[in-house]
$ cat structure.txt   # compact mmCIF, C-alpha atoms and all ligand atoms
# COMPACT_ATOMS: atom_id res chain seq x y z
CA MET A 1 116.85 148.37 222.60
CA PRO A 2 115.54 149.01 226.14
CA ASN A 3 116.18 146.50 228.93
CA GLU A 4 118.37 144.37 226.70
CA LYS A 5 122.01 143.68 227.56
CA ARG A 6 124.45 144.22 224.71
CA LYS A 7 128.06 143.06 224.68
CA ILE A 8 130.97 145.00 223.26
CA ASP A 9 134.77 144.76 223.57
CA VAL A 10 135.67 148.36 224.45
CA LEU A 11 133.11 150.93 225.59
CA ILE A 12 134.24 154.56 225.67
CA ILE A 13 132.24 157.07 227.70
CA GLY A 14 132.46 160.61 226.28
CA ALA A 15 132.82 161.69 222.66
CA GLY A 16 135.05 164.71 223.25
CA PRO A 17 138.31 164.83 221.27
CA VAL A 18 139.90 162.18 223.52
CA GLY A 19 137.07 159.61 223.35
CA LEU A 20 136.71 160.10 219.59
CA ALA A 21 140.46 159.82 218.89
CA LEU A 22 140.81 156.62 220.94
CA ALA A 23 137.74 155.06 219.29
CA ILE A 24 139.11 155.80 215.81
CA ALA A 25 142.62 154.58 216.73
CA LEU A 26 141.32 151.24 218.07
CA SER A 27 138.89 150.76 215.19
CA LYS A 28 141.76 151.18 212.71
CA SER A 29 144.43 149.07 214.37
CA THR A 30 142.42 146.24 215.98
CA PRO A 31 139.43 144.02 215.11
CA LEU A 32 137.74 144.91 218.45
CA ASN A 33 134.12 146.08 218.63
CA ILE A 34 134.16 149.66 219.85
CA GLY A 35 131.22 151.53 221.38
CA LEU A 36 131.18 155.28 222.02
CA VAL A 37 128.62 156.87 224.36
CA GLU A 38 127.93 160.62 224.38
CA ALA A 39 125.49 162.39 226.72
CA ASN A 40 124.90 165.50 224.60
CA GLU A 41 122.86 165.60 221.41
CA LYS A 42 124.85 166.14 218.22
CA LYS A 43 125.06 169.86 217.47
CA PRO A 44 125.04 171.29 213.93
CA TYR A 45 128.61 172.04 212.83
CA LYS A 46 129.72 175.67 212.82
CA ALA A 47 133.18 176.20 211.34
CA GLY A 48 135.89 178.01 213.31
CA GLN A 49 134.08 178.08 216.68
CA GLY A 50 134.98 177.24 220.29
CA LYS A 51 138.40 177.31 221.93
CA ALA A 52 141.44 177.69 219.70
CA LEU A 53 143.74 174.75 220.37
CA ALA A 54 147.49 174.58 219.75
CA LEU A 55 148.32 171.06 218.62
CA SER A 56 151.90 169.88 218.76
CA TYR A 57 153.71 168.34 215.82
CA GLY A 58 153.42 164.98 217.63
CA SER A 59 149.61 165.33 217.83
CA ILE A 60 149.42 166.06 214.11
CA GLN A 61 151.27 162.82 213.41
CA LEU A 62 148.57 160.94 215.39
CA LEU A 63 145.77 162.75 213.51
CA GLU A 64 147.47 161.81 210.22
CA LYS A 65 147.46 158.15 211.24
CA LEU A 66 143.75 158.44 212.06
CA SER A 67 142.99 159.95 208.57
CA VAL A 68 141.64 163.03 210.37
CA TRP A 69 144.41 165.46 209.48
CA GLU A 70 143.56 165.45 205.76
CA ARG A 71 140.13 166.93 206.69
CA LEU A 72 141.50 169.34 209.29
CA GLN A 73 144.67 170.63 207.65
CA PRO A 74 142.95 173.10 205.26
CA LEU A 75 141.32 174.71 208.33
CA SER A 76 144.50 174.86 210.42
CA THR A 77 147.32 177.42 210.68
CA GLU A 78 150.88 176.38 211.23
CA ILE A 79 153.09 177.95 213.89
CA ASN A 80 156.71 178.37 212.89
CA GLU A 81 157.85 180.68 215.68
CA VAL A 82 156.90 181.44 219.25
CA HIS A 83 157.85 184.86 220.69
CA VAL A 84 157.91 185.25 224.45
CA SER A 85 158.24 188.73 225.96
CA GLU A 86 157.41 190.78 229.03
CA LYS A 87 155.92 194.27 229.10
CA GLY A 88 158.38 196.81 230.53
CA ARG A 89 161.41 194.50 230.19
CA PHE A 90 163.93 194.39 227.41
CA GLY A 91 164.26 191.47 225.03
CA ILE A 92 162.28 188.58 223.68
CA THR A 93 162.87 184.86 223.42
CA LYS A 94 162.20 183.15 220.13
CA LEU A 95 161.59 179.44 219.69
CA THR A 96 161.59 178.30 216.07
CA ALA A 97 160.73 175.14 214.14
CA LYS A 98 164.00 175.49 212.19
CA GLU A 99 166.04 175.00 215.37
CA ILE A 100 164.59 171.54 215.86
CA ASP A 101 164.42 170.62 212.17
CA LEU A 102 160.66 170.28 211.99
CA PRO A 103 158.28 171.68 209.37
CA ALA A 104 156.32 173.46 212.16
CA LEU A 105 156.31 173.82 215.95
CA GLY A 106 152.60 173.03 215.91
CA TYR A 107 149.28 173.95 214.37
CA MET A 108 146.29 176.01 215.51
CA VAL A 109 142.84 174.54 215.06
CA SER A 110 139.38 175.55 216.28
CA GLN A 111 137.67 173.18 218.67
CA SER A 112 134.58 172.88 216.42
CA ASP A 113 136.73 172.01 213.37
CA LEU A 114 138.70 169.37 215.30
CA SER A 115 135.51 167.81 216.73
CA HIS A 116 133.83 167.81 213.33
CA ALA A 117 136.82 166.18 211.59
CA LEU A 118 136.99 163.48 214.31
CA GLU A 119 133.19 162.93 214.20
CA GLU A 120 133.22 162.56 210.41
CA GLU A 121 135.94 159.92 210.59
CA ALA A 122 134.22 158.10 213.46
CA GLY A 123 130.89 158.24 211.57
CA SER A 124 132.42 156.60 208.51
CA SER A 125 134.01 153.81 210.58
CA ARG A 126 132.58 150.70 212.25
CA ILE A 127 132.39 152.39 215.69
CA GLN A 128 128.96 151.98 217.32
CA ILE A 129 127.93 155.44 218.50
CA LEU A 130 125.18 155.88 221.12
CA GLN A 131 124.12 159.54 221.29
CA PRO A 132 122.48 160.94 223.32
CA ALA A 133 123.08 158.35 226.05
CA LYS A 134 124.31 159.11 229.53
CA LEU A 135 126.28 156.80 231.78
CA SER A 136 124.48 156.51 235.12
CA GLY A 137 125.95 153.40 236.75
CA ILE A 138 128.85 150.94 236.64
CA LYS A 139 129.10 147.38 237.92
CA HIS A 140 132.40 145.46 238.04
CA LEU A 141 131.80 141.92 236.74
CA GLU A 142 134.08 138.91 237.01
CA GLN A 143 135.02 139.12 233.33
CA GLY A 144 134.53 142.80 232.63
CA VAL A 145 132.29 145.75 233.38
CA GLU A 146 128.60 146.55 233.02
CA ALA A 147 127.73 150.13 232.07
CA GLN A 148 124.22 151.39 232.78
CA LEU A 149 123.02 154.02 230.37
CA GLU A 150 120.07 156.38 230.18
CA THR A 151 118.97 156.64 226.57
CA ALA A 152 116.00 158.17 224.73
CA LEU A 153 114.52 154.64 224.69
CA GLY A 154 114.98 154.07 228.42
CA GLN A 155 117.62 152.32 230.54
CA GLN A 156 120.13 150.13 228.75
CA ALA A 157 122.96 147.98 230.09
CA ILE A 158 126.07 147.20 228.07
CA GLU A 159 128.67 144.65 229.07
CA CYS A 160 132.23 145.30 227.96
CA GLN A 161 135.72 143.91 228.50
CA LEU A 162 137.23 147.36 228.99
CA LEU A 163 135.46 150.60 229.94
CA VAL A 164 137.22 153.88 229.11
CA ALA A 165 136.36 157.08 230.97
CA ALA A 166 136.81 159.98 228.53
CA ASP A 167 133.95 161.89 230.13
CA GLY A 168 135.72 165.12 231.00
CA VAL A 169 136.73 167.09 234.06
CA ASP A 170 133.71 166.13 236.20
CA SER A 171 133.93 162.49 235.11
CA ALA A 172 130.86 160.45 236.11
CA VAL A 173 132.95 157.26 235.84
CA ARG A 174 135.52 158.63 238.28
CA SER A 175 132.85 159.63 240.82
CA LEU A 176 130.88 156.37 240.47
CA LEU A 177 134.09 154.45 241.19
CA LYS A 178 134.91 156.86 244.04
CA ILE A 179 138.41 157.57 242.68
CA PRO A 180 139.64 160.71 244.49
CA VAL A 181 141.34 163.60 242.68
CA VAL A 182 144.12 165.90 243.81
CA GLU A 183 143.17 169.45 242.92
CA LYS A 184 145.49 172.45 243.29
CA PRO A 185 143.53 175.49 244.43
CA SER A 186 143.53 177.95 241.56
CA GLU A 187 142.87 181.66 241.59
CA MET A 188 143.14 181.82 237.83
CA SER A 189 140.73 182.22 234.92
CA ALA A 190 141.23 182.50 231.17
CA LEU A 191 139.41 184.76 228.75
CA VAL A 192 139.24 183.35 225.23
CA THR A 193 138.31 185.27 222.09
CA ARG A 194 139.42 185.96 218.52
CA VAL A 195 140.73 189.28 217.24
CA HIS A 196 140.80 190.64 213.69
CA LEU A 197 143.85 192.45 212.30
CA LYS A 198 144.04 195.22 209.75
CA LYS A 199 146.83 193.45 207.86
CA ALA A 200 147.56 189.77 207.34
CA HIS A 201 150.16 188.15 209.62
CA ALA A 202 150.64 184.49 210.27
CA LYS A 203 152.72 181.63 211.55
CA THR A 204 154.08 183.32 214.68
CA SER A 205 152.50 182.92 218.08
CA TYR A 206 153.13 185.31 220.97
CA GLN A 207 153.11 185.06 224.76
CA ARG A 208 153.45 188.38 226.55
CA PHE A 209 153.60 188.77 230.31
CA THR A 210 151.99 191.96 231.60
CA PRO A 211 150.85 193.28 234.98
CA ARG A 212 147.25 192.71 233.79
CA GLY A 213 147.76 189.00 232.98
CA ILE A 214 149.40 186.79 230.35
CA ILE A 215 148.42 187.64 226.79
CA ALA A 216 148.66 184.84 224.25
CA MET A 217 148.09 185.51 220.54
CA LEU A 218 147.89 182.48 218.29
CA PRO A 219 147.43 182.60 214.50
CA LEU A 220 144.12 181.44 212.99
CA GLY A 221 144.40 182.12 209.27
CA ASN A 222 146.01 185.27 207.94
CA SER A 223 144.29 188.16 209.65
CA ARG A 224 142.61 186.45 212.60
CA TYR A 225 144.32 185.57 215.88
CA ALA A 226 143.08 183.60 218.86
CA ASN A 227 143.55 185.79 221.91
CA ILE A 228 143.75 184.22 225.37
CA ILE A 229 144.23 186.27 228.50
CA SER A 230 144.98 184.32 231.65
CA GLY A 231 145.30 185.88 235.06
CA THR A 232 143.65 186.08 238.45
CA HIS A 233 139.84 185.98 238.47
CA SER A 234 139.73 189.75 239.08
CA GLN A 235 142.22 190.54 236.29
CA VAL A 236 140.22 188.46 233.81
CA HIS A 237 136.92 189.88 235.04
CA ALA A 238 138.31 193.41 234.48
CA TRP A 239 139.19 192.55 230.84
CA ASN A 240 135.78 190.95 230.32
CA LYS A 241 133.93 194.04 231.58
CA LEU A 242 135.54 196.38 229.03
CA SER A 243 133.53 197.57 226.05
CA GLU A 244 134.74 196.26 222.69
CA GLU A 245 136.49 199.54 221.94
CA HIS A 246 138.24 199.71 225.32
CA TYR A 247 139.21 196.04 225.12
CA ILE A 248 140.99 196.66 221.81
CA ASP A 249 142.69 199.82 223.18
CA GLN A 250 143.94 198.02 226.29
CA LEU A 251 145.09 194.99 224.30
CA GLN A 252 146.94 197.21 221.87
CA ASP A 253 148.52 199.05 224.79
CA ASP A 254 149.68 195.89 226.60
CA PHE A 255 150.52 193.74 223.58
CA GLY A 256 151.95 196.50 221.36
CA TYR A 257 151.87 196.65 217.57
CA ARG A 258 153.72 193.40 216.75
CA LEU A 259 150.69 192.39 214.68
CA GLY A 260 149.79 195.89 213.52
CA LYS A 261 146.39 197.36 214.25
CA ILE A 262 143.65 195.27 215.85
CA VAL A 263 140.32 196.21 214.24
CA GLY A 264 137.79 193.87 215.85
CA VAL A 265 137.17 191.41 218.65
CA ASP A 266 134.67 188.51 218.79
CA LYS A 267 132.51 187.36 221.70
CA ARG A 268 134.56 186.72 224.85
CA MET A 269 134.29 183.47 226.88
CA VAL A 270 135.70 183.06 230.39
CA PHE A 271 136.86 179.71 231.86
CA PRO A 272 137.91 179.20 235.48
CA LEU A 273 141.24 177.36 235.27
CA ARG A 274 141.56 174.12 237.18
CA GLN A 275 144.55 171.88 237.75
CA LEU A 276 143.79 168.40 238.96
CA HIS A 277 144.70 164.78 238.46
CA SER A 278 143.05 161.53 239.33
CA THR A 279 144.83 159.52 242.05
CA ALA A 280 144.49 156.36 239.93
CA LEU A 281 144.58 155.91 236.16
CA TYR A 282 142.60 152.66 236.29
CA GLN A 283 140.45 150.52 238.56
CA LYS A 284 139.89 146.84 237.69
CA LYS A 285 138.82 146.98 234.01
CA VAL A 286 138.12 150.70 233.81
CA ILE A 287 140.70 153.21 232.58
CA LEU A 288 140.70 157.03 232.81
CA LEU A 289 141.86 159.24 229.92
CA GLY A 290 141.87 162.92 228.93
CA HIS A 291 140.33 165.46 231.29
CA ALA A 292 138.93 162.60 233.40
CA ALA A 293 142.57 161.74 234.25
CA HIS A 294 144.35 165.12 234.24
CA VAL A 295 143.45 168.78 233.80
CA MET A 296 146.06 171.52 233.52
CA HIS A 297 146.43 175.25 232.99
CA PRO A 298 146.43 176.06 229.25
CA VAL A 299 149.49 178.36 229.55
CA ALA A 300 151.71 175.68 228.00
CA ALA A 301 148.98 174.28 225.65
CA GLN A 302 149.72 170.74 226.79
CA GLY A 303 146.40 169.15 227.93
CA LEU A 304 145.12 167.57 224.75
CA ASN A 305 148.60 166.98 223.40
CA LEU A 306 149.43 164.92 226.49
CA SER A 307 146.17 162.97 226.11
CA PHE A 308 147.00 162.17 222.49
CA ARG A 309 150.33 160.69 223.67
CA ASP A 310 148.39 158.65 226.28
CA ILE A 311 146.10 157.34 223.51
CA GLU A 312 149.03 156.30 221.31
CA ASP A 313 150.59 154.24 224.10
CA LEU A 314 147.31 152.61 225.15
CA GLU A 315 146.43 151.74 221.58
CA ARG A 316 149.92 150.24 221.00
CA LEU A 317 149.73 148.07 224.15
CA ILE A 318 146.28 146.73 223.17
CA GLU A 319 147.40 146.07 219.60
CA GLU A 320 150.51 144.20 220.80
CA ALA A 321 148.47 142.05 223.23
CA LEU A 322 146.05 141.09 220.44
CA GLU A 323 148.94 140.29 218.05
CA GLN A 324 150.31 137.93 220.68
CA ARG A 325 146.79 136.45 221.08
CA LYS A 326 146.68 137.56 224.72
CA PRO A 327 143.67 139.06 226.53
CA PHE A 328 143.93 142.84 226.39
CA ALA A 329 141.78 144.00 229.33
CA THR A 330 144.12 142.70 232.00
CA ASN A 331 145.48 144.17 235.19
CA GLU A 332 148.97 143.58 233.78
CA LEU A 333 148.33 145.68 230.67
CA LEU A 334 146.59 148.50 232.54
CA SER A 335 149.33 148.68 235.15
CA GLU A 336 151.97 148.71 232.38
CA TYR A 337 150.06 151.57 230.73
CA ALA A 338 149.91 153.51 234.02
CA SER A 339 153.61 153.16 234.74
CA MET A 340 154.54 153.91 231.11
CA ARG A 341 152.52 157.16 231.10
CA SER A 342 153.18 158.32 234.65
CA ARG A 343 156.53 160.01 233.92
CA ASP A 344 155.27 162.07 230.97
CA GLN A 345 152.04 163.00 232.79
CA LYS A 346 153.87 164.12 235.95
CA ALA A 347 156.55 166.02 233.99
CA THR A 348 153.95 167.80 231.83
CA MET A 349 151.81 168.80 234.82
CA LYS A 350 154.90 170.02 236.70
CA PHE A 351 156.22 171.96 233.71
CA THR A 352 152.80 173.61 233.24
CA HIS A 353 152.44 174.41 236.94
CA ILE A 354 155.92 175.99 237.13
CA LEU A 355 155.19 178.16 234.08
CA GLU A 356 151.85 179.19 235.58
CA THR A 357 153.39 180.08 238.97
CA ILE A 358 156.36 181.99 237.61
CA PHE A 359 154.54 183.84 234.90
CA SER A 360 151.35 184.68 236.74
CA SER A 361 152.91 186.08 239.88
CA GLN A 362 153.18 189.83 240.35
CA SER A 363 155.82 189.52 243.09
CA PRO A 364 159.07 191.42 242.30
CA SER A 365 161.27 188.44 243.23
CA LEU A 366 159.41 186.22 240.80
CA GLY A 367 159.76 189.03 238.26
CA LYS A 368 163.54 188.55 238.52
CA VAL A 369 163.20 184.79 238.14
CA ARG A 370 161.04 185.40 235.10
CA LYS A 371 163.62 187.74 233.62
CA ALA A 372 166.37 185.21 234.33
CA GLY A 373 164.10 182.55 232.84
CA LEU A 374 163.61 184.40 229.58
CA LEU A 375 167.31 185.16 229.25
CA GLY A 376 168.19 181.63 230.32
CA ILE A 377 166.11 180.20 227.52
CA GLU A 378 168.13 182.29 225.06
CA PHE A 379 171.59 181.64 226.45
CA ILE A 380 171.69 178.22 228.09
CA PRO A 381 172.81 175.88 225.31
CA GLY A 382 170.27 173.12 224.71
CA LEU A 383 167.49 174.65 226.87
CA LYS A 384 165.82 176.40 223.97
CA LYS A 385 165.93 173.26 221.90
CA PHE A 386 164.50 171.27 224.82
CA LEU A 387 161.59 173.71 225.25
CA SER A 388 160.85 173.81 221.52
CA LYS A 389 160.87 170.01 221.40
CA ARG A 390 158.59 169.71 224.45
CA GLY A 391 156.18 172.20 222.87
CA ALA A 392 156.27 170.30 219.59
CA GLY A 393 155.65 167.03 221.42
CA VAL A 394 158.54 165.16 219.80
C1 LIG B 1 140.91 177.73 227.75
C2 LIG B 1 141.53 176.40 227.39
C3 LIG B 1 142.46 176.32 226.36
C4 LIG B 1 143.07 175.10 226.04
N1 LIG B 1 144.03 175.08 225.05
C5 LIG B 1 144.67 173.92 224.78
C6 LIG B 1 145.68 173.88 223.77
O1 LIG B 1 145.99 174.90 223.15
N2 LIG B 1 146.31 172.69 223.52
C7 LIG B 1 146.00 171.54 224.22
O2 LIG B 1 146.63 170.50 223.97
N3 LIG B 1 145.03 171.54 225.16
C8 LIG B 1 144.35 172.69 225.46
N4 LIG B 1 143.36 172.70 226.39
C9 LIG B 1 142.95 171.41 227.00
C10 LIG B 1 141.93 170.66 226.13
O3 LIG B 1 140.83 171.52 225.88
C11 LIG B 1 141.47 169.38 226.87
O4 LIG B 1 142.60 168.57 227.08
C12 LIG B 1 140.46 168.57 226.07
O5 LIG B 1 139.36 169.34 225.69
C13 LIG B 1 139.95 167.40 226.93
O6 LIG B 1 139.13 166.58 226.12
P1 LIG B 1 138.29 165.38 226.71
O7 LIG B 1 137.75 164.64 225.52
O8 LIG B 1 139.07 164.64 227.73
O9 LIG B 1 137.08 166.06 227.54
P2 LIG B 1 135.81 166.86 227.02
O10 LIG B 1 136.12 167.63 225.80
O11 LIG B 1 135.27 167.58 228.21
O12 LIG B 1 134.77 165.72 226.59
C14 LIG B 1 134.07 164.93 227.53
C15 LIG B 1 132.81 164.41 226.86
O13 LIG B 1 132.16 163.48 227.74
C16 LIG B 1 130.76 163.68 227.71
N5 LIG B 1 130.18 163.19 228.99
C17 LIG B 1 130.35 163.70 230.22
N6 LIG B 1 129.67 162.94 231.13
C18 LIG B 1 129.09 161.93 230.45
C19 LIG B 1 128.26 160.83 230.83
N7 LIG B 1 127.89 160.61 232.11
N8 LIG B 1 127.84 159.97 229.86
C20 LIG B 1 128.19 160.16 228.55
N9 LIG B 1 128.96 161.19 228.15
C21 LIG B 1 129.40 162.07 229.07
C22 LIG B 1 130.62 165.20 227.55
O14 LIG B 1 129.36 165.58 227.06
C23 LIG B 1 131.78 165.52 226.60
O15 LIG B 1 131.37 165.47 225.25
C24 LIG B 1 142.72 173.90 226.74
C25 LIG B 1 141.76 173.97 227.76
C26 LIG B 1 141.17 175.20 228.09
C27 LIG B 1 140.15 175.23 229.21
$ encode --input "structure.txt" --output "structure tokens"
Amino acid sequence: MPNEKRKIDVLIIGAGPVGLALAIALSKSTPLNIGLVEANEKKPYKAGQGKALALSYGSIQLLEKLSVWERLQPLSTEINEVHVSEKGRFGITKLTAKEIDLPALGYMVSQSDLSHALEEEAGSSRIQILQPAKLSGIKHLEQGVEAQLETALGQQAIECQLLVAADGVDSAVRSLLKIPVVEKPSEMSALVTRVHLKKAHAKTSYQRFTPRGIIAMLPLGNSRYANIISGTHSQVHAWNKLSEEHYIDQLQDDFGYRLGKIVGVDKRMVFPLRQLHSTALYQKKVILLGHAAHVMHPVAAQGLNLSFRDIEDLERLIEEALEQRKPFATNELLSEYASMRSRDQKATMKFTHILETIFSSQSPSLGKVRKAGLLGIEFIPGLKKFLSKRGAGV
């Protein structure tokens, strides 16, 4: 419908996992009209592709509520234990689901499986999806917001009561509204791949600190593990340059034989790691979520899990306002959301940054802190439980 102005209650820009999850949550718990705008064309689904994501127990509970988990669970792998160790130093730290009385610490899923499960649920709901359509302009109105979109049929303007920016790390909404970000300079990259094992192993994930970077191994089915190596750009580049054979040899040398023999490695992808947050979570009737609001190092696997907690709180506030027959897109509600979420967001970013700094540094003094840290986790009563609970998102 070119040149015609449509009206909708909530318009979400970006159909990544965050935009999709919020759209489904609001469509289930409220009678609001929800629109979802995605710039990229829909790609054919390929199972088990993309980044491997560790979802906390808390995130799984949200996906259950959204009727997404029933689709995703058969493709997921549970994590019951996390082993943390350092090459050349004695001892490991174990965090277990048993210690915090949960069925699992979390679950591993592939990005393509998560997106597909969310898209299927959104497709079978009453959400109005515009794809491909790209946000190119925003106008604050007295009663709401006008979003200008570029679609295959030409320019289109949509008026909404609340506009949600879920449009990723280089958010167009954030730049159009000139909301500054605070970005920590980062010298770090991550290499992401999958490795194949000779024998089946599952349910334990590993973090191993080595002079050549942090090696994470996360279970994906019985004999496949997601392998993430994070380190300085040059460390990661050195891993990426290795032939397949040498990559496996070096991995086996640094990681050891905890998972037996590694027999194959998939295509490697490298991501520069950024850590940033938006200086405001909302402006008038526009709210920022997901990577548009905060981006963190994946060492603690917290980014999406934190965003899912943001979604739950936003959805609850909107639902409560509607139950009380109050307008939902108000300054009062958005400022309540921002103050409600600020503590968790700051704590999660700080926790992730501390882990990144301590564990990525090669300095001998930080090596001692790291050693003390690993032992501390084992011996300080309550600390292990705290870390397991934070990881599990409960
Ligand atoms: C290597 C790595 C590993 C990670 N591992 C974990 C993990 O284990 N656990 C965890 O919790 N988190 C993890 N994360 C973080 C997680 O990937 C992010 O939190 C999550 O992907 C953010 O989702 P999003 O929907 O906000 O953004 P995105 O997935 O980037 O989606 C944004 C969407 O907006 C669309 N868009 C952009 N601009 C426009 C526009 N102008 N108009 C319309 N649409 C637009 C884009 O096409 C895209 O589809 C990891 C991140 C990395 C880099």
$ residues_around --input "structure.txt" --residues "stretch 130-144 of chain A" --least-positions-apart "6" --cutoff "9 Å" --atoms "only C-alpha atoms" --output "list in words"
Ile13, Gly14, Gly35, Leu36, Val37, Glu38, Ala39, Asn40, Glu41, Lys42, Glu150, Thr151, Ala152, Glu159, Cys160, Gln161, Leu162, Leu163, Ala172, Val173, Leu176, Leu177, Lys284, Lys285, Val286 and Ala329 of chain A
$ axis_aligned_box --input "structure.txt" --around "stretch 182-189 of chain A" --padding-each-side "8 Å" --output "lines of an AutoDock Vina configuration file"
center_x = 143.1
center_y = 174.1
center_z = 239.7
size_x = 20.8
size_y = 32.3
size_z = 25.5
$ residues_around --input "structure.txt" --residues "A:Glu312" --least-positions-apart "4" --cutoff "9 Å" --atoms "all atoms listed in the file" --output "PyMOL selection string"
chain A and resi 22+25+62+307-308+316-317
$ atom_distance --input "structure.txt" --atom1 "atom CA of A:Ala216" --atom2 "atom CA of A:Ala347"
22.6 Å
$ residues_near_ligand --input "structure.txt" --ligand "ligand LIG 1 (chain B)" --cutoff "8 Å" --atoms "only C-alpha atoms and all ligand atoms" --output "PyMOL selection string"
chain A and resi 13-20+37-40+51-56+108+132-136+149+166-173+190-192+228+270-273+289-293+295-307
$ write_last_selection --input "structure.txt" --atoms "C-alpha atoms" --output "short mmCIF file (atom, residue, chain, number, x, y, z; two decimals), in the coordinates of the input"
data_model
loop_
_atom_site.label_atom_id
_atom_site.label_comp_id
_atom_site.auth_asym_id
_atom_site.auth_seq_id
_atom_site.Cartn_x
_atom_site.Cartn_y
_atom_site.Cartn_z
CA ILE A 13 132.24 157.07 227.70
CA GLY A 14 132.46 160.61 226.28
CA ALA A 15 132.82 161.69 222.66
CA GLY A 16 135.05 164.71 223.25
CA PRO A 17 138.31 164.83 221.27
CA VAL A 18 139.90 162.18 223.52
CA GLY A 19 137.07 159.61 223.35
CA LEU A 20 136.71 160.10 219.59
CA VAL A 37 128.62 156.87 224.36
CA GLU A 38 127.93 160.62 224.38
CA ALA A 39 125.49 162.39 226.72
CA ASN A 40 124.90 165.50 224.60
CA LYS A 51 138.40 177.31 221.93
CA ALA A 52 141.44 177.69 219.70
CA LEU A 53 143.74 174.75 220.37
CA ALA A 54 147.49 174.58 219.75
CA LEU A 55 148.32 171.06 218.62
CA SER A 56 151.90 169.88 218.76
CA MET A 108 146.29 176.01 215.51
CA PRO A 132 122.48 160.94 223.32
CA ALA A 133 123.08 158.35 226.05
CA LYS A 134 124.31 159.11 229.53
CA LEU A 135 126.28 156.80 231.78
CA SER A 136 124.48 156.51 235.12
CA LEU A 149 123.02 154.02 230.37
CA ALA A 166 136.81 159.98 228.53
CA ASP A 167 133.95 161.89 230.13
CA GLY A 168 135.72 165.12 231.00
CA VAL A 169 136.73 167.09 234.06
CA ASP A 170 133.71 166.13 236.20
CA SER A 171 133.93 162.49 235.11
CA ALA A 172 130.86 160.45 236.11
CA VAL A 173 132.95 157.26 235.84
CA ALA A 190 141.23 182.50 231.17
CA LEU A 191 139.41 184.76 228.75
CA VAL A 192 139.24 183.35 225.23
CA ILE A 228 143.75 184.22 225.37
CA VAL A 270 135.70 183.06 230.39
CA PHE A 271 136.86 179.71 231.86
CA PRO A 272 137.91 179.20 235.48
CA LEU A 273 141.24 177.36 235.27
CA LEU A 289 141.86 159.24 229.92
CA GLY A 290 141.87 162.92 228.93
CA HIS A 291 140.33 165.46 231.29
CA ALA A 292 138.93 162.60 233.40
CA ALA A 293 142.57 161.74 234.25
CA VAL A 295 143.45 168.78 233.80
CA MET A 296 146.06 171.52 233.52
CA HIS A 297 146.43 175.25 232.99
CA PRO A 298 146.43 176.06 229.25
CA VAL A 299 149.49 178.36 229.55
CA ALA A 300 151.71 175.68 228.00
CA ALA A 301 148.98 174.28 225.65
CA GLN A 302 149.72 170.74 226.79
CA GLY A 303 146.40 169.15 227.93
CA LEU A 304 145.12 167.57 224.75
CA ASN A 305 148.60 166.98 223.40
CA LEU A 306 149.43 164.92 226.49
CA SER A 307 146.17 162.97 226.11
#
$ residues_around --input "structure.txt" --residues "A:Gly123" --least-positions-apart "6" --cutoff "10 Å" --atoms "all atoms listed in the file" --output "ChimeraX atom specification"
/A:24,117,129
